[in-house]
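What follows is the content of data.cif, which has mmCIF, C-alpha atoms and all ligand atoms:
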```cif
data_model
#
loop_
_atom_site.label_atom_id
_atom_site.label_comp_id
_atom_site.auth_asym_id
_atom_site.auth_seq_id
_atom_site.Cartn_x
_atom_site.Cartn_y
_atom_site.Cartn_z
CA MET A 24 -108.77 -6.23 92.93
CA LYS A 25 -110.07 -5.31 89.49
CA ALA A 26 -109.14 -7.63 86.59
CA MET A 27 -110.21 -8.45 83.05
CA VAL A 28 -110.81 -12.19 83.22
CA LEU A 29 -111.19 -14.76 80.46
CA THR A 30 -113.66 -17.45 81.52
CA LYS A 31 -114.43 -18.92 78.12
CA ILE A 32 -112.62 -18.93 74.76
CA ALA A 33 -114.64 -16.91 72.23
CA PRO A 34 -114.27 -14.40 69.37
CA ILE A 35 -113.18 -10.99 70.66
CA GLU A 36 -116.28 -9.38 69.10
CA THR A 37 -118.35 -11.10 71.81
CA HIS A 38 -116.28 -9.36 74.54
CA PRO A 39 -115.05 -12.55 76.25
CA LEU A 40 -112.99 -10.63 78.83
CA LYS A 41 -115.16 -9.76 81.83
CA LEU A 42 -114.38 -6.99 84.29
CA MET A 43 -114.40 -8.78 87.65
CA SER A 44 -113.39 -8.24 91.22
CA ILE A 45 -111.08 -11.11 92.20
CA ASP A 46 -108.80 -11.81 95.17
CA LYS A 47 -105.57 -9.83 95.20
CA PRO A 48 -102.72 -12.36 94.78
CA SER A 49 -100.49 -12.97 97.77
CA ILE A 50 -96.82 -13.86 98.29
CA LYS A 51 -96.36 -17.64 98.48
CA GLY A 52 -92.72 -18.38 97.61
CA GLY A 53 -89.61 -16.82 99.12
CA SER A 54 -88.63 -15.26 95.76
CA ASP A 55 -92.09 -13.80 95.08
CA LEU A 56 -92.75 -10.12 94.58
CA LEU A 57 -96.18 -8.51 94.75
CA LEU A 58 -96.41 -5.76 92.14
CA GLU A 59 -99.01 -3.04 91.84
CA ILE A 60 -99.41 -2.86 88.07
CA GLU A 61 -98.89 0.48 86.34
CA ALA A 62 -99.09 -0.69 82.70
CA CYS A 63 -99.62 -3.82 80.62
CA GLY A 64 -99.17 -4.01 76.85
CA VAL A 65 -101.77 -5.63 74.60
CA CYS A 66 -100.19 -8.29 72.40
CA ARG A 67 -101.47 -10.16 69.36
CA SER A 68 -100.70 -13.39 71.17
CA ASN A 69 -103.26 -12.37 73.83
CA LEU A 70 -105.80 -12.30 71.00
CA HIS A 71 -104.74 -15.76 69.75
CA LEU A 72 -105.11 -17.14 73.27
CA ILE A 73 -108.54 -15.54 73.86
CA GLU A 74 -109.95 -16.69 70.52
CA GLY A 75 -108.65 -20.25 70.87
CA ASP A 76 -106.19 -20.17 67.93
CA TRP A 77 -103.54 -21.77 70.12
CA LYS A 78 -105.69 -24.51 71.69
CA LYS A 79 -103.67 -26.98 69.61
CA TYR A 80 -100.57 -25.88 71.57
CA GLY A 81 -102.40 -26.27 74.90
CA VAL A 82 -102.85 -22.50 75.34
CA PRO A 83 -104.54 -21.39 77.53
CA SER A 84 -103.69 -24.19 79.93
CA ARG A 85 -106.12 -22.85 82.55
CA LEU A 86 -109.39 -20.97 82.85
CA PRO A 87 -110.43 -18.58 84.27
CA LEU A 88 -107.34 -16.65 83.30
CA VAL A 89 -106.07 -13.07 83.49
CA PRO A 90 -104.14 -12.54 80.22
CA GLY A 91 -101.36 -10.00 79.62
CA HIS A 92 -97.61 -10.64 79.53
CA GLU A 93 -95.74 -7.36 79.18
CA VAL A 94 -96.22 -5.88 82.61
CA VAL A 95 -94.68 -3.06 84.63
CA GLY A 96 -95.42 -2.52 88.31
CA VAL A 97 -94.13 -1.23 91.61
CA VAL A 98 -92.97 -3.72 94.26
CA LYS A 99 -95.38 -3.59 97.23
CA ALA A 100 -94.32 -6.74 99.13
CA THR A 101 -91.49 -9.27 98.92
CA GLY A 102 -90.94 -12.92 99.91
CA ASP A 103 -88.46 -13.66 102.70
CA ARG A 104 -85.64 -14.73 100.34
CA VAL A 105 -85.76 -11.65 98.09
CA ARG A 106 -82.36 -9.92 98.16
CA ASN A 107 -81.85 -7.97 94.96
CA ILE A 108 -85.13 -6.11 94.54
CA GLU A 109 -86.44 -3.53 97.00
CA LEU A 110 -89.86 -2.35 98.07
CA GLY A 111 -90.98 0.57 95.93
CA GLU A 112 -88.75 -0.44 93.00
CA ARG A 113 -90.33 -0.44 89.51
CA VAL A 114 -89.77 -3.62 87.52
CA GLY A 115 -91.03 -5.34 84.37
CA ILE A 116 -92.14 -8.90 83.67
CA GLN A 117 -91.80 -10.51 80.25
CA PRO A 118 -93.77 -13.46 78.80
CA HIS A 119 -91.11 -15.84 80.10
CA PHE A 120 -92.32 -15.70 83.72
CA ARG A 121 -89.95 -18.25 85.23
CA SER A 122 -87.83 -21.20 84.10
CA CYS A 123 -86.80 -24.43 85.85
CA LEU A 124 -83.40 -22.97 86.86
CA LYS A 125 -81.57 -26.23 86.06
CA CYS A 126 -81.97 -27.43 82.46
CA GLU A 127 -79.22 -27.17 79.82
CA TYR A 128 -80.93 -24.16 78.26
CA PHE A 129 -81.06 -22.28 81.54
CA LEU A 130 -77.40 -23.12 82.28
CA ALA A 131 -76.41 -21.87 78.83
CA GLY A 132 -78.20 -18.53 79.34
CA ARG A 133 -80.97 -19.48 76.91
CA GLU A 134 -83.70 -19.90 79.51
CA ASN A 135 -86.31 -18.67 77.05
CA LEU A 136 -86.05 -22.19 75.54
CA CYS A 137 -86.75 -23.99 78.87
CA GLU A 138 -89.36 -26.71 78.44
CA ASN A 139 -90.69 -26.33 81.96
CA ALA A 140 -91.12 -22.57 81.93
CA GLU A 141 -94.12 -20.68 83.28
CA ILE A 142 -95.61 -18.17 80.85
CA THR A 143 -97.08 -14.91 82.12
CA GLY A 144 -100.80 -14.64 81.42
CA GLU A 145 -100.91 -18.23 80.10
CA THR A 146 -99.82 -20.70 82.77
CA VAL A 147 -99.86 -18.08 85.55
CA GLN A 148 -102.11 -15.01 85.99
CA GLY A 149 -101.10 -12.07 83.83
CA GLY A 150 -101.21 -8.30 83.79
CA TYR A 151 -104.75 -7.31 82.81
CA ALA A 152 -105.29 -6.53 86.50
CA GLU A 153 -104.30 -4.23 89.36
CA PHE A 154 -101.79 -6.58 91.02
CA ILE A 155 -99.59 -9.49 89.99
CA ILE A 156 -97.08 -11.86 91.56
CA ALA A 157 -93.63 -11.94 89.95
CA ASN A 158 -90.41 -13.82 90.64
CA GLU A 159 -87.37 -11.87 91.78
CA GLN A 160 -85.02 -13.76 89.48
CA PHE A 161 -87.05 -12.99 86.36
CA VAL A 162 -87.89 -9.30 86.65
CA THR A 163 -85.91 -6.41 85.23
CA PRO A 164 -85.64 -3.04 87.01
CA ILE A 165 -86.70 0.01 85.00
CA PRO A 166 -84.70 3.25 85.02
CA ASP A 167 -86.52 6.42 86.15
CA SER A 168 -86.11 7.99 82.70
CA ILE A 169 -88.57 5.52 81.11
CA ASP A 170 -92.21 5.79 82.23
CA SER A 171 -94.22 2.63 82.84
CA GLU A 172 -96.46 2.97 79.76
CA HIS A 173 -93.44 3.18 77.45
CA ALA A 174 -91.52 0.53 79.38
CA ALA A 175 -94.22 -2.18 79.21
CA PRO A 176 -93.86 -2.91 75.46
CA LEU A 177 -90.10 -3.39 75.91
CA PHE A 178 -91.01 -6.61 77.74
CA CYS A 179 -92.54 -8.44 74.77
CA PRO A 180 -92.32 -6.69 71.41
CA GLY A 181 -89.12 -4.98 72.57
CA ILE A 182 -87.21 -8.09 73.57
CA THR A 183 -88.64 -10.00 70.59
CA ALA A 184 -87.36 -7.29 68.24
CA TYR A 185 -84.00 -6.97 69.99
CA LYS A 186 -83.16 -10.66 69.92
CA ALA A 187 -84.35 -11.14 66.32
CA VAL A 188 -82.34 -8.13 65.11
CA LYS A 189 -79.20 -9.46 66.80
CA ALA A 190 -79.81 -12.86 65.15
CA ALA A 191 -79.85 -11.09 61.77
CA GLU A 192 -76.25 -9.94 62.44
CA PRO A 193 -76.79 -6.26 61.62
CA ALA A 194 -73.80 -4.02 60.86
CA ALA A 195 -72.80 -0.90 58.96
CA GLY A 196 -72.79 -1.66 55.24
CA LYS A 197 -75.30 -4.52 55.65
CA SER A 198 -78.96 -4.34 54.67
CA VAL A 199 -81.78 -5.84 56.71
CA GLY A 200 -85.40 -6.23 55.67
CA ILE A 201 -88.13 -6.03 58.33
CA PHE A 202 -91.33 -7.82 57.27
CA GLY A 203 -94.26 -6.59 59.35
CA ILE A 204 -94.26 -3.24 61.15
CA GLY A 205 -96.51 -3.38 64.21
CA GLY A 206 -95.68 -3.54 67.88
CA VAL A 207 -92.51 -5.56 67.19
CA GLY A 208 -91.47 -4.29 63.77
CA HIS A 209 -91.52 -0.60 64.73
CA LEU A 210 -88.92 -1.33 67.40
CA ALA A 211 -86.88 -3.67 65.17
CA ILE A 212 -86.49 -0.89 62.58
CA GLN A 213 -84.96 1.43 65.15
CA ILE A 214 -82.76 -1.22 66.78
CA ALA A 215 -81.35 -2.31 63.40
CA LYS A 216 -80.59 1.37 62.68
CA LEU A 217 -78.70 1.63 65.99
CA TYR A 218 -76.37 -1.11 64.66
CA GLY A 219 -75.73 0.99 61.53
CA SER A 220 -77.61 -1.24 59.07
CA ARG A 221 -79.54 -0.07 56.05
CA VAL A 222 -83.14 -0.86 56.97
CA VAL A 223 -85.79 -1.78 54.43
CA ALA A 224 -89.24 -2.06 55.99
CA THR A 225 -92.19 -3.77 54.40
CA SER A 226 -95.89 -4.01 55.29
CA ARG A 227 -99.25 -4.02 53.57
CA SER A 228 -100.84 -1.57 56.02
CA LYS A 229 -100.73 2.09 54.97
CA ASN A 230 -100.56 3.27 58.62
CA HIS A 231 -97.59 1.05 59.28
CA ILE A 232 -95.76 2.28 56.19
CA GLU A 233 -96.07 5.88 57.38
CA LEU A 234 -94.87 4.80 60.82
CA ALA A 235 -91.81 3.03 59.36
CA LYS A 236 -90.81 6.18 57.46
CA LYS A 237 -91.25 8.29 60.59
CA LEU A 238 -89.03 5.95 62.60
CA GLY A 239 -86.13 6.16 60.19
CA ALA A 240 -86.43 3.19 57.82
CA ASP A 241 -84.12 3.92 54.85
CA ASN A 242 -86.66 2.53 52.42
CA VAL A 243 -90.21 1.19 52.63
CA VAL A 244 -91.47 -1.28 50.04
CA VAL A 245 -95.20 -2.03 50.10
CA PHE A 246 -95.90 -5.73 50.48
CA GLN A 247 -98.42 -6.83 47.93
CA ASN A 248 -99.94 -9.85 46.28
CA PRO A 249 -98.89 -11.33 44.00
CA GLN A 250 -95.53 -11.57 45.68
CA GLY A 251 -93.73 -11.23 42.32
CA GLN A 252 -94.64 -7.56 42.18
CA PHE A 253 -93.12 -6.95 45.60
CA LEU A 254 -89.91 -8.87 44.80
CA LYS A 255 -89.51 -6.93 41.56
CA GLN A 256 -89.87 -3.61 43.35
CA LEU A 257 -87.39 -4.70 46.02
CA ALA A 258 -84.88 -5.88 43.38
CA LYS A 259 -85.20 -2.56 41.57
CA ASP A 260 -84.80 -0.44 44.73
CA GLU A 261 -82.32 -2.46 46.75
CA GLY A 262 -81.18 -5.63 45.01
CA LEU A 263 -81.02 -8.61 47.35
CA LEU A 264 -80.71 -8.05 51.11
CA ASP A 265 -78.08 -9.36 53.52
CA SER A 266 -80.75 -10.44 55.98
CA ALA A 267 -84.49 -10.36 56.57
CA ILE A 268 -86.62 -10.64 59.71
CA VAL A 269 -90.25 -11.76 59.64
CA PHE A 270 -92.77 -10.51 62.18
CA ALA A 271 -95.83 -10.61 59.91
CA PRO A 272 -97.79 -13.77 60.82
CA SER A 273 -98.05 -15.02 57.24
CA ASP A 274 -96.51 -17.91 55.30
CA LYS A 275 -96.38 -15.61 52.27
CA ALA A 276 -94.25 -13.12 54.18
CA ILE A 277 -91.88 -15.92 55.25
CA ASP A 278 -91.57 -17.10 51.65
CA ALA A 279 -90.99 -13.57 50.36
CA ALA A 280 -88.35 -12.94 53.03
CA ILE A 281 -86.43 -16.08 52.01
CA LYS A 282 -86.52 -14.93 48.40
CA SER A 283 -85.41 -11.40 49.36
CA VAL A 284 -81.99 -12.31 50.75
CA LYS A 285 -78.72 -13.02 48.97
CA LYS A 286 -77.17 -16.46 48.76
CA GLY A 287 -75.76 -17.21 52.21
CA GLY A 288 -78.00 -14.53 53.70
CA ILE A 289 -79.83 -14.83 57.01
CA VAL A 290 -83.60 -15.07 57.52
CA VAL A 291 -84.87 -14.71 61.07
CA ILE A 292 -88.43 -15.90 61.68
CA GLY A 293 -90.15 -14.50 64.75
CA VAL A 294 -93.67 -15.82 64.09
CA LEU A 295 -95.39 -19.18 63.83
CA GLY A 296 -95.66 -20.22 60.21
CA SER A 297 -94.38 -22.63 57.64
CA ILE A 298 -91.70 -22.59 54.98
CA SER A 299 -93.05 -23.70 51.63
CA GLU A 300 -89.81 -23.93 49.69
CA PHE A 301 -86.21 -23.90 50.89
CA PRO A 302 -83.52 -23.21 48.29
CA THR A 303 -80.87 -25.54 49.69
CA PHE A 304 -78.16 -24.67 47.16
CA ASP A 305 -78.34 -20.97 48.02
CA GLU A 306 -76.87 -21.76 51.45
CA LYS A 307 -79.26 -19.37 53.14
CA ILE A 308 -79.46 -19.55 56.93
CA ILE A 309 -82.86 -19.70 58.61
CA LYS A 310 -83.13 -18.98 62.32
CA GLY A 311 -86.12 -19.08 64.64
CA SER A 312 -86.34 -16.51 67.40
CA VAL A 313 -88.56 -16.40 70.46
CA ILE A 314 -88.57 -13.57 73.02
CA GLY A 315 -85.17 -13.59 74.76
CA SER A 316 -83.16 -14.27 77.90
CA ARG A 317 -82.94 -12.18 81.06
CA LYS A 318 -79.60 -10.86 79.79
CA ASP A 319 -81.23 -9.77 76.51
CA MET A 320 -83.96 -8.06 78.53
CA ALA A 321 -81.51 -6.15 80.72
CA ASP A 322 -79.42 -5.18 77.65
CA LEU A 323 -82.50 -3.86 75.87
CA VAL A 324 -83.65 -1.77 78.84
CA GLN A 325 -80.16 -0.25 78.96
CA LEU A 326 -80.23 0.39 75.20
CA ALA A 327 -83.64 2.09 75.55
CA ARG A 328 -82.27 4.27 78.34
CA ASP A 329 -79.13 5.26 76.42
CA SER A 330 -80.60 5.77 72.94
CA ASP A 331 -83.56 7.65 71.52
CA LEU A 332 -85.52 4.44 70.89
CA LYS A 333 -89.14 5.50 70.48
CA VAL A 334 -91.76 3.13 71.81
CA VAL A 335 -94.94 4.19 70.02
CA ILE A 336 -97.94 3.66 72.28
CA GLU A 337 -101.52 4.59 72.94
CA THR A 338 -102.80 4.36 76.50
CA GLN A 339 -106.19 2.83 77.30
CA LYS A 340 -108.08 1.97 80.47
CA LEU A 341 -107.93 -1.66 81.64
CA GLU A 342 -111.70 -1.93 81.16
CA GLU A 343 -111.22 -1.25 77.43
CA ALA A 344 -109.27 -4.49 76.83
CA ASN A 345 -111.94 -6.08 74.61
CA ASN A 346 -112.25 -2.99 72.43
CA VAL A 347 -108.48 -2.61 72.12
CA LEU A 348 -108.13 -6.25 71.06
CA LYS A 349 -110.92 -5.83 68.51
CA ARG A 350 -109.02 -2.91 66.98
CA LEU A 351 -105.77 -4.89 67.06
CA LYS A 352 -107.50 -7.69 65.13
CA LYS A 353 -108.44 -5.17 62.43
CA SER A 354 -104.87 -3.74 62.37
CA GLU A 355 -106.19 -0.41 63.64
CA VAL A 356 -103.62 0.00 66.42
CA GLU A 357 -100.66 2.05 65.18
CA ALA A 358 -97.94 0.24 67.16
CA ARG A 359 -98.77 -0.77 70.74
CA ALA A 360 -101.74 -0.25 73.01
CA VAL A 361 -101.03 -0.24 76.72
CA LEU A 362 -103.66 -0.83 79.43
CA VAL A 363 -103.52 1.18 82.61
CA PRO A 364 -105.54 -0.03 85.64
ZN ZN A 401 -96.57 -10.35 73.63
ZN ZN A 402 -85.56 -25.48 82.04
#
```

Using structure tokens, write down the structure that the file contains.
Ligand SMILES: [Zn+2]
Ligand SMILES: [Zn+2]
Amino acid sequence: MKAMVLTKIAPIETHPLKLMSIDKPSIKGGSDLLLEIEACGVCRSNLHLIEGDWKKYGVPSRLPLVPGHEVVGVVKATGDRVRNIELGERVGIQPHFRSCLKCEYFLAGRENLCENAEITGETVQGGYAEFIIANEQFVTPIPDSIDSEHAAPLFCPGITAYKAVKAAEPAAGKSVGIFGIGGVGHLAIQIAKLYGSRVVATSRSKNHIELAKKLGADNVVVFQNPQGQFLKQLAKDEGLLDSAIVFAPSDKAIDAAIKSVKKGGIVVIGVLGSISEFPTFDEKIIKGSVIGSRKDMADLVQLARDSDLKVVIETQKLEEANNVLKRLKKSEVEARAVLVP
């Protein structure tokens, strides 16, 4: 099969992903599914992995590697213990490929926190290819009304946005700030609106600001340095917010978000970064958020089916992966690029 393979960590400008013909994966375990891939989203974390930014976290743990962790495909073969998924069914795989099925996190329905999890496109082969093996217990069926290209981003930015928005406790009469409007933020804006919140979006990219307005943000405040200018504008327009969610990978954005919420307010951080100053006596609540559980995934797919949630995508050929990632690095992708084999 055709795949874009990473053999060596290198800057994306040197086109480290090579188009190769590799063996089609085969069913090994009883719960395995063989999927013929129809779409795979291109994520900023793929870029971090390829360029070696996450070597300190042991990522990637193997080379050569097929990256890609928001994957939709059609089931072409099943292991002998598969009961709930049928041949021909269309399903999605999220970054959380599989967990240990026995730790306290798994038993509490928080399997995204499992310490012995497999990660799609990191510890197991991912979706920049024509076929992939998935696990029956960790895939989510996709309704016919959502095509594969629009479904794929639900499986990483979608679930990331959904879980973080829920953690921010959105409600009618409450305001929520969304810091960073890309693949994740553009969905978070819409999901927070579905809960009836007033949504204040912020970004430094002009394209993203236009996108936020188009998707129904109640207000858009341009993020700028120095931060004081931004906070002043926000105070003038909105006062302090009930909650804020950070998807912009920047310590400055995290700091600004903490300063943007009321005393006792909630700040949800969905990126790696550090907190420079924590105002203890303001009793603010800081929560981390990472992807989500299988239940979150199924709930989000249902929400996407039953609402007018718009997944903003551009479709590109699998072979274009290097070029797409280069554009992502320069913030030239409007919301989400999706590779089609
Ligand atoms: Zn991702
Ligand atoms: Zn576990």

Set the cut-off to 10 Å, count all atoms listed in the file, and list whatever residues fall near ligand ZN 401 (chain A) as a ChimeraX atom specification. /A:64-70,91-93,117-118,143-144,176-183,206-207,314

Contacts with ligand ZN 402 (chain A) at most 9 Å, only C-alpha atoms and all ligand atoms counted, listed as a PyMOL selection string: chain A and resi 122-130+134-140

Take the residues from that selection and write them out as a PDB file, keeping the file's coordinate frame, keeping C-alpha atoms.
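Written out: selection-v6.pdb:
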```pdb
ATOM      1  CA  SER A 122     -87.830 -21.200  84.100  1.00  0.00           C
ATOM      2  CA  CYS A 123     -86.800 -24.430  85.850  1.00  0.00           C
ATOM      3  CA  LEU A 124     -83.400 -22.970  86.860  1.00  0.00           C
ATOM      4  CA  LYS A 125     -81.570 -26.230  86.060  1.00  0.00           C
ATOM      5  CA  CYS A 126     -81.970 -27.430  82.460  1.00  0.00           C
ATOM      6  CA  GLU A 127     -79.220 -27.170  79.820  1.00  0.00           C
ATOM      7  CA  TYR A 128     -80.930 -24.160  78.260  1.00  0.00           C
ATOM      8  CA  PHE A 129     -81.060 -22.280  81.540  1.00  0.00           C
ATOM      9  CA  LEU A 130     -77.400 -23.120  82.280  1.00  0.00           C
ATOM     10  CA  GLU A 134     -83.700 -19.900  79.510  1.00  0.00           C
ATOM     11  CA  ASN A 135     -86.310 -18.670  77.050  1.00  0.00           C
ATOM     12  CA  LEU A 136     -86.050 -22.190  75.540  1.00  0.00           C
ATOM     13  CA  CYS A 137     -86.750 -23.990  78.870  1.00  0.00           C
ATOM     14  CA  GLU A 138     -89.360 -26.710  78.440  1.00  0.00           C
ATOM     15  CA  ASN A 139     -90.690 -26.330  81.960  1.00  0.00           C
ATOM     16  CA  ALA A 140     -91.120 -22.570  81.930  1.00  0.00           C
TER      17      ALA A 140
END
```

Using only C-alpha atoms, find all polymer residues with an atom at most 7 Å away from the point (-88.1, -8.9, 65.8); report them as a list in words. Thr183, Ala184, Tyr185, Lys186, Ala187, Val188, Val207, Gly208, Ala211, Ile268, Phe270 and Gly293 of chain A

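Nearest to A:Glu172 of all the residues A:Val94, A:Leu56, A:Ile214, A:Met320 is A:Val94, based on only C-alpha atoms.
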
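If you measure from each of A:Lys259, A:His231, A:Lys79, A:Lys333 to A:Gly203 using only C-alpha atoms, the closest one turns out to be A:His231.
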
Selection as a list in words: residues within 9 Å of (-98.2, -1.4, 81.8), counting all atoms listed in the file: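 Residues with an atom close enough to that point: Ile60, Glu61, Ala62, Cys63, Gly64, Glu93, Val94, Val95, Gly96, Gly115, Gly150, Tyr151, Ser171, Glu172, His173, Ala174, Ala175, Pro176, Val361, Leu362, Val363 and Pro364 of chain A.
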
Have a look at A:Ala360, A:Ala280, A:Asn107, A:Leu264 and name the one nearest to A:Ala344; count only C-alpha atoms.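 Looking at the shortest contact to A:Ala344, the residue is A:Ala360.
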
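By chain and then residue number, the residues within 10 Å of A:Gly251 are Gln256, Leu257 and Ala279 of chain A, counting only C-alpha atoms and disregarding those fewer than 5 positions away in sequence.
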
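With all atoms listed in the file as the atoms that count, the residue of A:Ala235, A:Val294, A:Leu29, A:Leu326 with the shortest distance to A:Leu217 is A:Leu326.
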
Measure the distance from atom CA of A:Lys236 to atom CA of A:Val199 in Å and round it to one decimal. 15.1 Å

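Atom CA of A:Ile50 sits 15.2 Å away from atom CA of A:Gly149.
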
So, with only C-alpha atoms as the atoms that count, which of A:Val147, A:Ile116, A:Pro272, A:Val244 lies closest to A:Ala321?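 Nearest candidate to A:Ala321 out of A:Val147, A:Ile116, A:Pro272, A:Val244: A:Ile116.
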
Env of A:Asp46: 12 Å cut, atoms = all atoms listed in the file, seq-sep filter 6 positions within chain, self excluded. Answer as number ranges by chain. A: 24-26, 148, 152-155

The residue from A:Gly200, A:Asp274, A:Leu58, A:Lys216 with the smallest atom-to-atom distance to A:Glu261, counting all atoms listed in the file, is A:Gly200

Can you tell me which residues surround A:Ser198 at a distance of at most 6 Å, considering all atoms listed in the file, apart from same-chain residues fewer than 4 positions away, and format the answer as a VMD selection string? chain A and resid 220 to 222 264 to 265

Would you pick out the contacts of A:Phe161 at 7 Å or less, using only C-alpha atoms, so that residues sharing its chain but fewer than 6 positions from it are not included, and give the list as a PDB file with C-alpha atoms, in the frame of the given file?
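What follows is the written file selection25.pdb:
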```
ATOM      1  CA  PHE A 120     -92.320 -15.700  83.720  1.00  0.00           C
ATOM      2  CA  ARG A 121     -89.950 -18.250  85.230  1.00  0.00           C
ATOM      3  CA  ARG A 317     -82.940 -12.180  81.060  1.00  0.00           C
TER       4      ARG A 317
END
```

Distance in Å - atom CA of A:Gln325 versus atom CA of A:Leu351: 28.6 Å

Because the input lacks atoms here, generate N, CA and C atoms for stretch 168-179 of chain A and report them as a PDB file, in the coordinates of the input.
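And here's rebuild12.pdb as it stands now:
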```
ATOM      1  N   SER A 168     -85.904   7.186  83.916  1.00  0.00           N
ATOM      2  CA  SER A 168     -86.110   7.990  82.700  1.00  0.00           C
ATOM      3  C   SER A 168     -87.145   7.379  81.747  1.00  0.00           C
ATOM      4  N   ILE A 169     -87.567   6.145  81.995  1.00  0.00           N
ATOM      5  CA  ILE A 169     -88.570   5.520  81.110  1.00  0.00           C
ATOM      6  C   ILE A 169     -89.863   5.341  81.915  1.00  0.00           C
ATOM      7  N   ASP A 170     -90.977   5.954  81.460  1.00  0.00           N
ATOM      8  CA  ASP A 170     -92.210   5.790  82.230  1.00  0.00           C
ATOM      9  C   ASP A 170     -92.797   4.396  81.990  1.00  0.00           C
ATOM     10  N   SER A 171     -93.735   4.013  82.857  1.00  0.00           N
ATOM     11  CA  SER A 171     -94.220   2.630  82.840  1.00  0.00           C
ATOM     12  C   SER A 171     -94.943   2.293  81.540  1.00  0.00           C
ATOM     13  N   GLU A 172     -95.712   3.240  80.995  1.00  0.00           N
ATOM     14  CA  GLU A 172     -96.460   2.970  79.760  1.00  0.00           C
ATOM     15  C   GLU A 172     -95.519   2.685  78.601  1.00  0.00           C
ATOM     16  N   HIS A 173     -94.399   3.414  78.535  1.00  0.00           N
ATOM     17  CA  HIS A 173     -93.440   3.180  77.450  1.00  0.00           C
ATOM     18  C   HIS A 173     -92.530   1.992  77.748  1.00  0.00           C
ATOM     19  N   ALA A 174     -92.386   1.661  79.020  1.00  0.00           N
ATOM     20  CA  ALA A 174     -91.520   0.530  79.380  1.00  0.00           C
ATOM     21  C   ALA A 174     -92.208  -0.802  79.081  1.00  0.00           C
ATOM     22  N   ALA A 175     -93.528  -0.878  79.315  1.00  0.00           N
ATOM     23  CA  ALA A 175     -94.220  -2.180  79.210  1.00  0.00           C
ATOM     24  C   ALA A 175     -93.958  -2.884  77.875  1.00  0.00           C
ATOM     25  N   PRO A 176     -94.085  -2.199  76.733  1.00  0.00           N
ATOM     26  CA  PRO A 176     -93.860  -2.910  75.460  1.00  0.00           C
ATOM     27  C   PRO A 176     -92.418  -3.400  75.268  1.00  0.00           C
ATOM     28  N   LEU A 177     -91.469  -2.866  76.030  1.00  0.00           N
ATOM     29  CA  LEU A 177     -90.100  -3.390  75.910  1.00  0.00           C
ATOM     30  C   LEU A 177     -90.081  -4.864  76.305  1.00  0.00           C
ATOM     31  N   PHE A 178     -91.049  -5.276  77.147  1.00  0.00           N
ATOM     32  CA  PHE A 178     -91.010  -6.610  77.740  1.00  0.00           C
ATOM     33  C   PHE A 178     -91.601  -7.713  76.867  1.00  0.00           C
ATOM     34  N   CYS A 179     -92.198  -7.358  75.722  1.00  0.00           N
ATOM     35  CA  CYS A 179     -92.540  -8.440  74.770  1.00  0.00           C
ATOM     36  C   CYS A 179     -92.132  -8.046  73.359  1.00  0.00           C
TER      37      CYS A 179
END
```
